[in-house]
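K.L.:
Once you've had a glance at the structure underneath, I'll fire off some questions.
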Amino acid sequence: MGGTFSSSSSKKTPKRPPGGTISDIDRAVLDLKNARDRLQRYRAKLEQDEKKLLERARTYKAEGNEKSALGLLKVRRHKIKEVDNVNNQLLTVTEMVDTIASKENEKEVLGAMRTGKDALKALHDEMSIDDVLNLMDEVQEESQIEAEINDILKQGVGFDSADELEVERELAELEKELAGEVGKEEAPSMPDVPTSTLPEVKKQEEKVEEKRPARVAVAS
């Protein structure tokens, strides 16, 4: 029994993965898994020995050799107890492996939570609670204004004919003001170039000369 453990008790050095390092936890897990495999092989051997001992004990009993049969049955009983002991050891090793794996998962989860907490803290630093409250107030105010505008458009808020006329008058005044501003901005228009023939100035002068009385010469 002891030789079974000693034959495979040498430690296997875990291979270093490319681009990474092996931690003490990784080595511990590897050692536990190696011990679990050894215990499983040892248990399988004990179970085989127990079956062989039972068959030999039956043979001796059939031959009338009760003393040898009794001795083999005692050895078989020892093997059965050893199997129970190995099962308990396997359970302990398996629980340790599972516990380490669970703790590793918890460590990863805590790391992710820590990263998320840091991200949230950075976002909170960028926008304080007062900023959020002010933003919500502004959004609510704009929503109320939009709702009032929609109510006015749908219901008219009790406008009578005088109110409607006043609104139309204000709109007309706005149109006049806009039209006046546009007129000021436009450049003055130039007069059109005449296309008709201009009157002859010489003929007009001749008519004036004809109307003038002739001068009489006076003797000296």
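Residues in the structure tokens are numbered from 1 in each chain, the chains being A, B, ... in the order shown, and ligands are numbered from 1 in the order shown.
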Find the spatial neighbours of Ala57 (chain A), counting only C-alpha atoms, within a cut-off of 7 Å - ignore same-chain residues fewer than 6 positions away - and output them as a list in words.
P.N.:
Ala69, Leu72 and Leu73 of chain A
K.L.:
With only C-alpha atoms as the basis for distance, which of A:Lys74, A:Ala147, A:Glu63, A:Thr94 is at the shortest distance from Leu30 (chain A)?
P.N.:
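The answer is A:Thr94, which sits nearest to Leu30 (chain A).
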K.L.:
Between A:Met96, A:Leu165, A:Val83, A:Ile149, single out the one closest to Asp31 (chain A), counting only C-alpha atoms.
P.N.:
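Checking each of A:Met96, A:Leu165, A:Val83, A:Ile149 against Asp31 (chain A), counting only C-alpha atoms, the winner is A:Met96.
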K.L.:
What is the CA of Glu47 (chain A) to CA of His78 (chain A) distance in Å?
P.N.:
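CA of His78 (chain A) lies at a distance of 11.3 Å from CA of Glu47 (chain A).
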K.L.:
When you count only C-alpha atoms, which of these residues is closest to Lys33 (chain A): A:Leu70, A:Leu46, A:Val97, A:Leu171?
P.N.:
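Checking each of A:Leu70, A:Leu46, A:Val97, A:Leu171 against Lys33 (chain A), counting only C-alpha atoms, the winner is A:Val97.
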K.L.:
Would you pick out the contacts of region 99-106 of chain A at 12 Å or less, using only C-alpha atoms, so that residues sharing its chain but fewer than 2 positions from it are not included, and give the list as a PyMOL selection string?
P.N.:
chain A and resi 24-30+32-33+92-97+108-113
K.L.:
Any chance you could export the current selection's N, CA and C atoms as a short mmCIF file (atom, residue, chain, number, x, y, z; two decimals), in the first residue's frame?
P.N.:
```
data_model
loop_
_atom_site.label_atom_id
_atom_site.label_comp_id
_atom_site.auth_asym_id
_atom_site.auth_seq_id
_atom_site.Cartn_x
_atom_site.Cartn_y
_atom_site.Cartn_z
N ASP A 24 1.46 30.75 -6.65
CA ASP A 24 1.45 29.72 -5.61
C ASP A 24 0.11 29.00 -5.55
N ILE A 25 -0.94 29.74 -5.82
CA ILE A 25 -2.27 29.12 -5.83
C ILE A 25 -2.37 28.09 -6.95
N ASP A 26 -1.83 28.44 -8.12
CA ASP A 26 -1.86 27.49 -9.24
C ASP A 26 -1.09 26.22 -8.88
N ARG A 27 0.06 26.37 -8.23
CA ARG A 27 0.84 25.20 -7.83
C ARG A 27 0.08 24.35 -6.82
N ALA A 28 -0.59 25.01 -5.87
CA ALA A 28 -1.34 24.27 -4.86
C ALA A 28 -2.48 23.48 -5.49
N VAL A 29 -3.18 24.11 -6.43
CA VAL A 29 -4.28 23.42 -7.11
C VAL A 29 -3.75 22.24 -7.89
N LEU A 30 -2.62 22.43 -8.56
CA LEU A 30 -2.03 21.33 -9.33
C LEU A 30 -1.63 20.17 -8.43
N LEU A 32 -2.94 19.40 -5.53
CA LEU A 32 -4.16 18.75 -5.05
C LEU A 32 -4.76 17.84 -6.12
N LYS A 33 -4.74 18.28 -7.36
CA LYS A 33 -5.29 17.46 -8.43
C LYS A 33 -4.44 16.21 -8.66
N THR A 92 -11.94 15.03 0.77
CA THR A 92 -11.27 16.22 1.33
C THR A 92 -10.52 16.98 0.24
N VAL A 93 -9.76 16.24 -0.59
CA VAL A 93 -8.99 16.89 -1.65
C VAL A 93 -9.92 17.58 -2.65
N THR A 94 -11.01 16.90 -3.02
CA THR A 94 -11.95 17.49 -3.98
C THR A 94 -12.59 18.75 -3.42
N GLU A 95 -12.92 18.74 -2.15
CA GLU A 95 -13.51 19.93 -1.53
C GLU A 95 -12.51 21.09 -1.52
N MET A 96 -11.24 20.79 -1.28
CA MET A 96 -10.23 21.84 -1.29
C MET A 96 -10.05 22.44 -2.69
N VAL A 97 -10.05 21.57 -3.70
CA VAL A 97 -9.94 22.07 -5.08
C VAL A 97 -11.14 22.95 -5.42
N GLU A 108 -12.24 37.21 -8.94
CA GLU A 108 -12.51 37.84 -10.23
C GLU A 108 -13.77 38.72 -10.16
N VAL A 109 -14.79 38.21 -9.46
CA VAL A 109 -16.02 39.00 -9.33
C VAL A 109 -15.76 40.29 -8.56
N LEU A 110 -14.99 40.19 -7.48
CA LEU A 110 -14.67 41.38 -6.70
C LEU A 110 -13.85 42.37 -7.51
N GLY A 111 -12.94 41.83 -8.33
CA GLY A 111 -12.17 42.73 -9.19
C GLY A 111 -13.05 43.46 -10.19
N ALA A 112 -14.01 42.72 -10.77
CA ALA A 112 -14.93 43.37 -11.70
C ALA A 112 -15.80 44.41 -10.99
N MET A 113 -16.24 44.09 -9.78
CA MET A 113 -17.04 45.05 -9.02
C MET A 113 -16.22 46.29 -8.67
#
```
K.L.:
Expressed in Å to a single decimal, how great is the separation between CA of Leu39 (chain A) and CA of Gln89 (chain A)?
P.N.:
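According to the coordinates, CA of Leu39 (chain A) and CA of Gln89 (chain A) are separated by 7.7 Å.
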K.L.:
Just checking: using only C-alpha atoms, which residue out of A:Lys79, A:Arg58, A:Lys67, A:His124 ends up closest to Tyr42 (chain A)?
P.N.:
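Nearest candidate to Tyr42 (chain A) out of A:Lys79, A:Arg58, A:Lys67, A:His124: A:Lys79.
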K.L.:
Quick check, in Å to one decimal: how far apart do CA of Lys121 (chain A) and CA of Glu141 (chain A) lie?
P.N.:
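Atom-to-atom, CA of Lys121 (chain A) to CA of Glu141 (chain A), that is 28.9 Å.
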